[in-house]
>>> print(open('protein-v9.txt').read())   # compact mmCIF, C-alpha atoms and all ligand atoms
# COMPACT_ATOMS: atom_id res chain seq x y z
CA MET A 1 132.47 -30.93 1.19
CA ARG A 2 130.04 -33.35 -0.54
CA LEU A 3 130.47 -31.31 -3.75
CA LEU A 4 133.92 -32.62 -4.59
CA PRO A 5 133.08 -36.36 -4.87
CA ARG A 6 129.97 -35.49 -6.88
CA LEU A 7 131.93 -33.32 -9.28
CA GLY A 8 134.48 -36.12 -9.55
CA LEU A 9 131.75 -38.66 -10.35
CA ALA A 10 130.18 -36.36 -12.96
CA GLY A 11 133.60 -35.73 -14.52
CA ALA A 12 134.50 -39.42 -14.66
CA THR A 13 131.11 -40.26 -16.17
CA SER A 14 131.43 -37.74 -18.98
CA LEU A 15 135.03 -38.83 -19.58
CA LEU A 16 134.16 -42.53 -19.76
CA ALA A 17 131.12 -41.82 -21.95
CA GLY A 18 133.59 -41.23 -24.78
CA CYS A 19 135.02 -44.72 -24.39
CA GLY A 20 132.57 -46.71 -26.57
CA TRP A 21 134.98 -49.12 -28.22
CA ASN A 22 132.49 -50.86 -30.50
CA GLY A 23 130.54 -47.98 -32.04
CA PRO A 24 129.45 -48.21 -35.69
CA GLN A 25 132.68 -46.72 -37.04
CA THR A 26 135.11 -48.20 -34.54
CA SER A 27 138.66 -49.08 -35.55
CA LEU A 28 139.00 -51.32 -32.48
CA VAL A 29 136.88 -54.21 -33.80
CA PRO A 30 138.72 -55.20 -37.00
CA VAL A 31 137.12 -57.46 -39.63
CA SER A 32 139.93 -57.66 -42.19
CA ASP A 33 143.65 -58.47 -42.29
CA PHE A 34 144.43 -54.79 -42.99
CA ALA A 35 142.41 -53.53 -39.98
CA ARG A 36 143.96 -56.21 -37.74
CA ASP A 37 147.45 -55.10 -38.81
CA ILE A 38 146.67 -51.49 -37.93
CA LEU A 39 145.22 -52.51 -34.56
CA HIS A 40 148.38 -54.54 -33.89
CA VAL A 41 150.59 -51.44 -34.28
CA TYR A 42 148.09 -49.45 -32.23
CA ALA A 43 148.30 -52.03 -29.42
CA ILE A 44 152.12 -51.91 -29.38
CA ILE A 45 152.07 -48.11 -29.10
CA THR A 46 149.35 -48.16 -26.43
CA TRP A 47 151.16 -50.68 -24.23
CA ALA A 48 154.52 -48.94 -24.68
CA THR A 49 152.86 -45.67 -23.67
CA ILE A 50 151.24 -47.24 -20.60
CA VAL A 51 154.59 -48.68 -19.41
CA ILE A 52 156.38 -45.35 -19.97
CA ALA A 53 153.60 -43.44 -18.17
CA ALA A 54 153.78 -45.87 -15.21
CA VAL A 55 157.57 -45.47 -14.94
CA VAL A 56 157.35 -41.66 -15.14
CA VAL A 57 154.56 -41.46 -12.54
CA VAL A 58 156.40 -43.74 -10.07
CA VAL A 59 159.71 -41.89 -10.43
CA LEU A 60 157.98 -38.51 -10.23
CA GLY A 61 156.08 -39.57 -7.09
CA TRP A 62 159.26 -40.81 -5.46
CA VAL A 63 161.13 -37.57 -6.29
CA LEU A 64 158.28 -35.39 -4.98
CA LEU A 65 158.15 -37.29 -1.68
CA ARG A 66 161.86 -37.86 -1.20
CA PHE A 67 162.91 -34.27 -1.94
CA ARG A 68 159.90 -32.35 -0.61
CA ALA A 69 160.61 -29.11 1.25
CA ARG A 70 161.17 -29.62 4.97
CA PRO A 71 161.40 -26.78 7.48
CA ASP A 72 164.82 -27.92 8.73
CA ALA A 73 166.31 -29.18 5.46
CA ALA A 74 169.32 -27.54 3.92
CA LEU A 75 169.65 -27.18 0.14
CA PRO A 76 170.47 -30.69 -1.21
CA PRO A 77 173.71 -31.17 -3.17
CA GLN A 78 173.31 -29.65 -6.65
CA ILE A 79 174.34 -31.64 -9.75
CA ARG A 80 175.50 -29.97 -12.95
CA GLY A 81 175.99 -32.36 -15.86
CA HIS A 82 175.82 -36.12 -15.49
CA ALA A 83 177.17 -38.08 -18.49
CA LEU A 84 175.45 -41.36 -17.58
CA LEU A 85 172.02 -39.72 -17.17
CA GLU A 86 172.37 -37.82 -20.42
CA ILE A 87 173.38 -40.93 -22.37
CA GLY A 88 170.47 -42.77 -20.73
CA TRP A 89 167.80 -40.28 -21.67
CA THR A 90 169.11 -40.05 -25.21
CA ILE A 91 169.20 -43.79 -25.79
CA ALA A 92 165.93 -44.71 -24.03
CA PRO A 93 163.64 -42.62 -26.30
CA ALA A 94 165.55 -43.84 -29.36
CA LEU A 95 164.84 -47.43 -28.28
CA VAL A 96 161.15 -46.59 -27.78
CA LEU A 97 160.98 -45.10 -31.28
CA LEU A 98 162.68 -48.19 -32.68
CA VAL A 99 160.16 -50.50 -31.00
CA ILE A 100 157.34 -48.48 -32.61
CA ALA A 101 158.99 -47.83 -35.99
CA VAL A 102 159.94 -51.41 -36.94
CA PRO A 103 156.42 -52.93 -36.87
CA THR A 104 154.91 -49.69 -38.24
CA ILE A 105 157.15 -49.65 -41.32
CA HIS A 106 156.61 -53.38 -41.78
CA ILE A 107 152.82 -52.90 -41.80
CA VAL A 108 153.02 -49.80 -44.02
CA PHE A 109 154.82 -51.83 -46.70
CA ARG A 110 152.58 -54.86 -46.26
CA THR A 111 149.38 -52.85 -46.68
CA GLN A 112 150.77 -51.06 -49.76
CA SER A 113 151.89 -54.20 -51.56
CA ALA A 114 150.26 -55.57 -54.71
CA PRO A 115 147.00 -57.43 -54.09
CA PRO A 116 147.08 -61.24 -54.44
CA ALA A 117 146.12 -62.81 -57.77
CA GLY A 118 142.41 -63.50 -57.98
CA ALA A 119 141.49 -60.48 -55.88
CA LEU A 120 138.05 -59.07 -56.62
CA GLU A 121 138.57 -55.72 -58.32
CA VAL A 122 136.23 -52.80 -57.68
CA ILE A 123 136.64 -49.34 -59.17
CA VAL A 124 135.66 -46.83 -56.49
CA ARG A 125 134.84 -43.33 -57.71
CA GLY A 126 134.37 -40.54 -55.21
CA LYS A 127 131.87 -37.90 -56.34
CA GLN A 128 130.24 -34.89 -54.68
CA TRP A 129 128.64 -36.48 -52.57
CA TRP A 130 128.29 -40.16 -53.20
CA TRP A 131 130.30 -43.25 -54.11
CA GLU A 132 130.20 -45.18 -57.36
CA PHE A 133 131.30 -48.83 -57.40
CA SER A 134 132.06 -50.69 -60.64
CA TYR A 135 132.98 -54.36 -60.81
CA PRO A 136 134.89 -54.74 -64.12
CA ALA A 137 134.76 -58.57 -64.03
CA TYR A 138 130.97 -58.48 -63.83
CA GLN A 139 130.37 -55.29 -65.82
CA ILE A 140 128.00 -53.80 -63.29
CA THR A 141 127.93 -50.42 -61.57
CA THR A 142 126.20 -49.54 -58.34
CA ALA A 143 126.39 -46.82 -55.71
CA ASN A 144 126.98 -46.22 -52.01
CA GLU A 145 126.55 -49.84 -50.88
CA LEU A 146 129.61 -51.94 -51.64
CA HIS A 147 129.10 -55.72 -51.53
CA LEU A 148 132.11 -57.98 -51.02
CA PRO A 149 132.30 -61.74 -50.44
CA VAL A 150 133.84 -62.85 -47.14
CA GLY A 151 137.29 -64.45 -47.28
CA ARG A 152 138.19 -63.27 -50.78
CA PRO A 153 140.87 -60.60 -51.20
CA ALA A 154 139.45 -57.38 -52.62
CA VAL A 155 141.29 -54.57 -54.33
CA LEU A 156 139.60 -51.19 -54.49
CA ARG A 157 140.97 -48.93 -57.19
CA LEU A 158 140.27 -45.39 -56.09
CA GLU A 159 139.56 -42.80 -58.78
CA GLY A 160 138.85 -39.15 -58.15
CA THR A 161 136.42 -37.42 -60.45
CA ASP A 162 135.94 -33.93 -59.03
CA VAL A 163 137.67 -33.02 -55.74
CA ILE A 164 139.67 -35.04 -53.22
CA HIS A 165 137.61 -37.49 -51.16
CA SER A 166 138.83 -40.17 -48.77
CA PHE A 167 137.44 -43.68 -48.59
CA TRP A 168 137.26 -44.96 -45.04
CA VAL A 169 135.42 -47.90 -43.53
CA PRO A 170 137.32 -48.14 -40.22
CA GLN A 171 136.53 -51.79 -39.43
CA LEU A 172 138.01 -52.85 -42.78
CA GLY A 173 141.14 -50.71 -42.91
CA GLY A 174 142.81 -47.35 -42.97
CA LYS A 175 141.48 -44.37 -44.86
CA ARG A 176 142.85 -43.71 -48.30
CA ASP A 177 142.45 -40.59 -50.40
CA VAL A 178 140.57 -40.57 -53.69
CA ILE A 179 142.43 -38.01 -55.78
CA PRO A 180 141.62 -36.78 -59.31
CA GLY A 181 144.42 -37.74 -61.71
CA ARG A 182 145.96 -40.29 -59.38
CA HIS A 183 145.40 -44.01 -59.00
CA ASN A 184 145.36 -45.11 -55.37
CA GLN A 185 144.38 -48.55 -54.25
CA LEU A 186 143.26 -50.26 -51.10
CA SER A 187 143.52 -54.01 -50.68
CA PHE A 188 142.22 -56.22 -47.88
CA THR A 189 140.45 -59.49 -47.20
CA PRO A 190 137.21 -59.15 -45.21
CA ASP A 191 136.88 -61.99 -42.72
CA THR A 192 133.53 -61.44 -40.95
CA PRO A 193 130.11 -61.06 -42.61
CA GLY A 194 128.19 -57.94 -41.63
CA THR A 195 127.34 -54.40 -42.64
CA TYR A 196 130.07 -51.89 -41.85
CA LEU A 197 129.66 -48.15 -41.94
CA GLY A 198 132.10 -45.69 -43.36
CA GLN A 199 132.36 -42.05 -44.20
CA CYS A 200 134.17 -39.77 -46.61
CA ALA A 201 137.14 -38.65 -44.52
CA GLU A 202 138.38 -35.65 -46.48
CA PHE A 203 136.47 -32.38 -46.51
CA CYS A 204 135.01 -32.19 -50.01
CA GLY A 205 132.36 -29.47 -49.90
CA THR A 206 128.95 -28.63 -48.50
CA SER A 207 127.66 -32.18 -48.04
CA HIS A 208 130.93 -33.86 -47.07
CA ALA A 209 129.26 -35.07 -43.87
CA ASN A 210 126.45 -36.59 -45.98
CA MET A 211 128.80 -38.81 -47.99
CA LEU A 212 128.38 -42.11 -46.21
CA VAL A 213 129.30 -45.58 -47.39
CA ARG A 214 128.05 -49.04 -46.42
CA LEU A 215 130.27 -52.05 -46.92
CA ILE A 216 128.31 -55.29 -46.91
CA VAL A 217 130.45 -58.37 -46.37
CA GLU A 218 128.48 -61.53 -47.13
CA PRO A 219 129.01 -65.27 -47.66
CA ALA A 220 130.13 -66.19 -51.19
CA ASP A 221 126.75 -67.68 -52.23
CA THR A 222 124.84 -64.61 -51.00
CA PHE A 223 127.28 -62.38 -52.88
CA GLU A 224 126.84 -64.43 -56.07
CA ARG A 225 123.04 -64.16 -55.75
CA TRP A 226 123.33 -60.41 -55.27
CA MET A 227 125.66 -60.15 -58.25
CA ALA A 228 123.32 -62.25 -60.44
CA SER A 229 120.45 -59.89 -59.66
CA GLU A 230 122.67 -56.83 -60.31
CA ARG A 231 123.67 -58.23 -63.70
CA ALA A 232 120.07 -58.86 -64.72
CA PRO A 233 118.42 -56.17 -66.85
CA ALA A 234 116.23 -53.62 -65.14
CA ALA A 235 112.75 -54.84 -64.25
CA GLN A 236 109.90 -53.54 -66.41
CA PRO A 237 106.79 -53.07 -64.30
CA PRO A 238 103.76 -54.42 -66.19
CA SER A 239 101.14 -52.00 -64.82
CA GLY A 240 100.13 -50.00 -61.76
CA PRO A 241 101.92 -47.07 -60.08
CA ALA A 242 105.38 -48.44 -60.91
CA ALA A 243 104.54 -48.59 -64.64
CA ASP A 244 103.14 -45.03 -64.46
CA GLY A 245 106.37 -44.00 -62.74
CA ALA A 246 108.45 -45.66 -65.47
CA ALA A 247 106.65 -43.52 -68.05
CA VAL A 248 107.21 -40.31 -66.04
CA PHE A 249 110.86 -41.25 -65.50
CA ALA A 250 111.45 -41.86 -69.22
CA ALA A 251 109.82 -38.55 -70.15
CA SER A 252 111.57 -36.39 -67.55
CA ALA A 253 115.06 -34.96 -67.03
CA CYS A 254 115.94 -38.01 -64.87
CA VAL A 255 117.24 -39.86 -67.96
CA GLY A 256 119.85 -37.18 -68.65
CA CYS A 257 121.77 -37.96 -65.46
CA HIS A 258 120.90 -41.52 -64.45
CA THR A 259 121.45 -44.90 -66.02
CA VAL A 260 118.74 -47.51 -65.86
CA ARG A 261 120.19 -50.13 -68.17
CA GLY A 262 117.96 -50.51 -71.23
CA VAL A 263 116.08 -47.29 -70.43
CA SER A 264 118.57 -44.44 -70.05
CA SER A 265 122.30 -43.87 -70.04
CA GLY A 266 123.07 -40.72 -68.02
CA VAL A 267 126.32 -40.86 -66.06
CA ILE A 268 126.18 -37.79 -63.80
CA GLY A 269 124.16 -39.36 -60.97
CA PRO A 270 124.14 -42.87 -59.53
CA ASP A 271 123.21 -45.90 -61.67
CA LEU A 272 119.62 -46.78 -60.73
CA THR A 273 119.26 -50.11 -62.57
CA HIS A 274 118.76 -51.95 -59.26
CA PHE A 275 118.00 -49.01 -57.00
CA GLY A 276 115.27 -50.94 -55.16
CA GLY A 277 117.87 -53.44 -53.99
CA ARG A 278 119.69 -50.81 -51.96
CA THR A 279 118.79 -50.28 -48.31
CA THR A 280 119.51 -46.56 -48.18
CA LEU A 281 119.07 -43.41 -50.21
CA ALA A 282 121.25 -40.34 -50.88
CA ALA A 283 124.59 -41.96 -49.95
CA GLY A 284 123.37 -43.55 -46.75
CA MET A 285 121.39 -40.59 -45.41
CA LEU A 286 117.90 -42.15 -45.30
CA PRO A 287 116.24 -45.58 -45.37
CA ASN A 288 115.17 -46.42 -48.92
CA THR A 289 111.39 -46.07 -48.47
CA ALA A 290 108.67 -44.74 -50.78
CA ASP A 291 108.14 -41.65 -48.60
CA ASN A 292 111.83 -40.81 -48.46
CA VAL A 293 112.37 -41.34 -52.19
CA THR A 294 109.34 -39.15 -52.96
CA ALA A 295 110.62 -36.39 -50.67
CA TRP A 296 114.05 -36.68 -52.29
CA ILE A 297 112.70 -36.40 -55.86
CA LEU A 298 110.56 -33.40 -54.93
CA ASP A 299 113.43 -31.39 -53.43
CA PRO A 300 116.89 -33.02 -53.18
CA PRO A 301 118.76 -29.93 -51.84
CA ARG A 302 116.38 -29.78 -48.87
CA ILE A 303 117.73 -33.17 -47.79
CA LYS A 304 121.30 -32.87 -49.04
CA PRO A 305 122.57 -29.25 -49.20
CA GLY A 306 124.59 -28.53 -52.31
CA VAL A 307 123.55 -31.69 -54.15
CA LYS A 308 123.91 -31.55 -57.96
CA MET A 309 120.39 -32.94 -58.49
CA PRO A 310 117.91 -30.05 -58.68
CA ALA A 311 114.23 -30.07 -57.82
CA LEU A 312 112.62 -30.87 -61.18
CA GLY A 313 109.28 -29.22 -60.53
CA LEU A 314 107.39 -32.51 -60.59
CA SER A 315 104.03 -32.85 -58.88
CA GLU A 316 103.78 -34.94 -55.74
CA ALA A 317 101.83 -37.59 -57.70
CA GLN A 318 104.57 -37.76 -60.34
CA ALA A 319 107.29 -37.99 -57.68
CA ARG A 320 105.39 -40.74 -55.88
CA ALA A 321 105.00 -42.67 -59.15
CA ILE A 322 108.72 -42.39 -59.92
CA ALA A 323 109.50 -43.55 -56.37
CA ALA A 324 107.25 -46.60 -56.89
CA TYR A 325 109.07 -47.34 -60.16
CA LEU A 326 112.56 -46.94 -58.69
CA LEU A 327 111.76 -49.11 -55.69
CA SER A 328 110.44 -51.81 -58.06
CA LEU A 329 113.93 -52.01 -59.61
CA LYS A 330 115.18 -54.74 -57.28
CU1 LIG B 1 133.78 -36.68 -50.10
CU2 LIG B 1 134.25 -35.59 -48.05
>>> encode(input="protein-v9.txt", output="structure tokens", more="lines below")
Ligand code: CUA
Amino acid sequence: MRLLPRLGLAGATSLLAGCGWNGPQTSLVPVSDFARDILHVYAIITWATIVIAAVVVVVLGWVLLRFRARPDAALPPQIRGHALLEIGWTIAPALVLLVIAVPTIHIVFRTQSAPPAGALEVIVRGKQWWWEFSYPAYQITTANELHLPVGRPAVLRLEGTDVIHSFWVPQLGGKRDVIPGRHNQLSFTPDTPGTYLGQCAEFCGTSHANMLVRLIVEPADTFERWMASERAPAAQPPSGPAADGAAVFAASACVGCHTVRGVSSGVIGPDLTHFGGRTTLAAGMLPNTADNVTAWILDPPRIKPGVKMPALGLSEAQARAIAAYLLSLK
């Protein structure tokens, strides 16, 4: 008889283990107006559901007890058709739907409306399997790590380039599809500095699960410093391994796919002009360290199945030199 409580405890533990409300991709800790609006609708629905569930459970319990089978009881009076009850259970659900629909529609329209004047515009391009971010006002392009200043409205213009992707950083707002041939946009004002994780939310091929995004919300002066360094031309290492790597880079197939402003102008892979300033590699898969970059250059598909970048047949020494060069591009 001791088994039952133990099973109950084990069951409750595994059930509650799924209840982390502040995990890295939570939608329950909002940091923008858009995410707060969504959470507001979510709260209305949750509370309405809790009240309805409580009413149903109480009424059901009462019915089960009051009308339970008794050895001596005769069949209770049977009711066929009851106009008042039928009107009641038609109107009550309609009222519940109304309570949910009015704020939902209100928020749907509010989050689809035109962004305020002065919003920071970023062109977001979804690619297999990474994100490209261009800031037209600053004429810079970067990848996978989106920087935004806190408190300033941002408008992300979503452009598809190959297949359908979906941009989703849950703490900042709802997911929105990135569709070739269609211009979607996503507008919100981040209100809390921090690094927020996101994920492509539409199956887009082999490495869909490896298409991560980091959204870095920072104070205005930090953002301006970051932007100033992004706008600067690529560093030119004077000598040492980084300079050797620059020479290998310039002489290899790298230049056909990657832009390093002033050095190469490929547009198939991510812009690497300030690659060393990014914290992660391969769309958020790995920390941006010399070992990881070397391993990536030697054999990208081993790390990211299906990736467009092939192994170029470079020696380990060449790969290590290129990694030193790329990481010097702060
Ligand atoms: Cu891009 Cu899934």
>>> residues_near_ligand(input="protein-v9.txt", ligand="ligand LIG 1 (chain B)", cutoff="7 Å", atoms="only C-alpha atoms and all ligand atoms", output="number ranges by chain")
A: 126-129, 164-166, 200-205, 208-209, 211
>>> atom_distance(input="protein-v9.txt", atom1="CA of Ile216 (chain A)", atom2="CA of Pro116 (chain A)")
21.1 Å
>>> atom_distance(input="protein-v9.txt", atom1="CA of Ser32 (chain A)", atom2="CA of Gln171 (chain A)")
7.3 Å
>>> atom_distance(input="protein-v9.txt", atom1="CA of Leu16 (chain A)", atom2="CA of Arg2 (chain A)")
21.7 Å
>>> residues_around(input="protein-v9.txt", residues="Lys330 (chain A)", least_positions_apart="6", cutoff="9 Å", atoms="all atoms listed in the file", output="PyMOL selection string")
chain A and resi 229-230+234-235+273-278
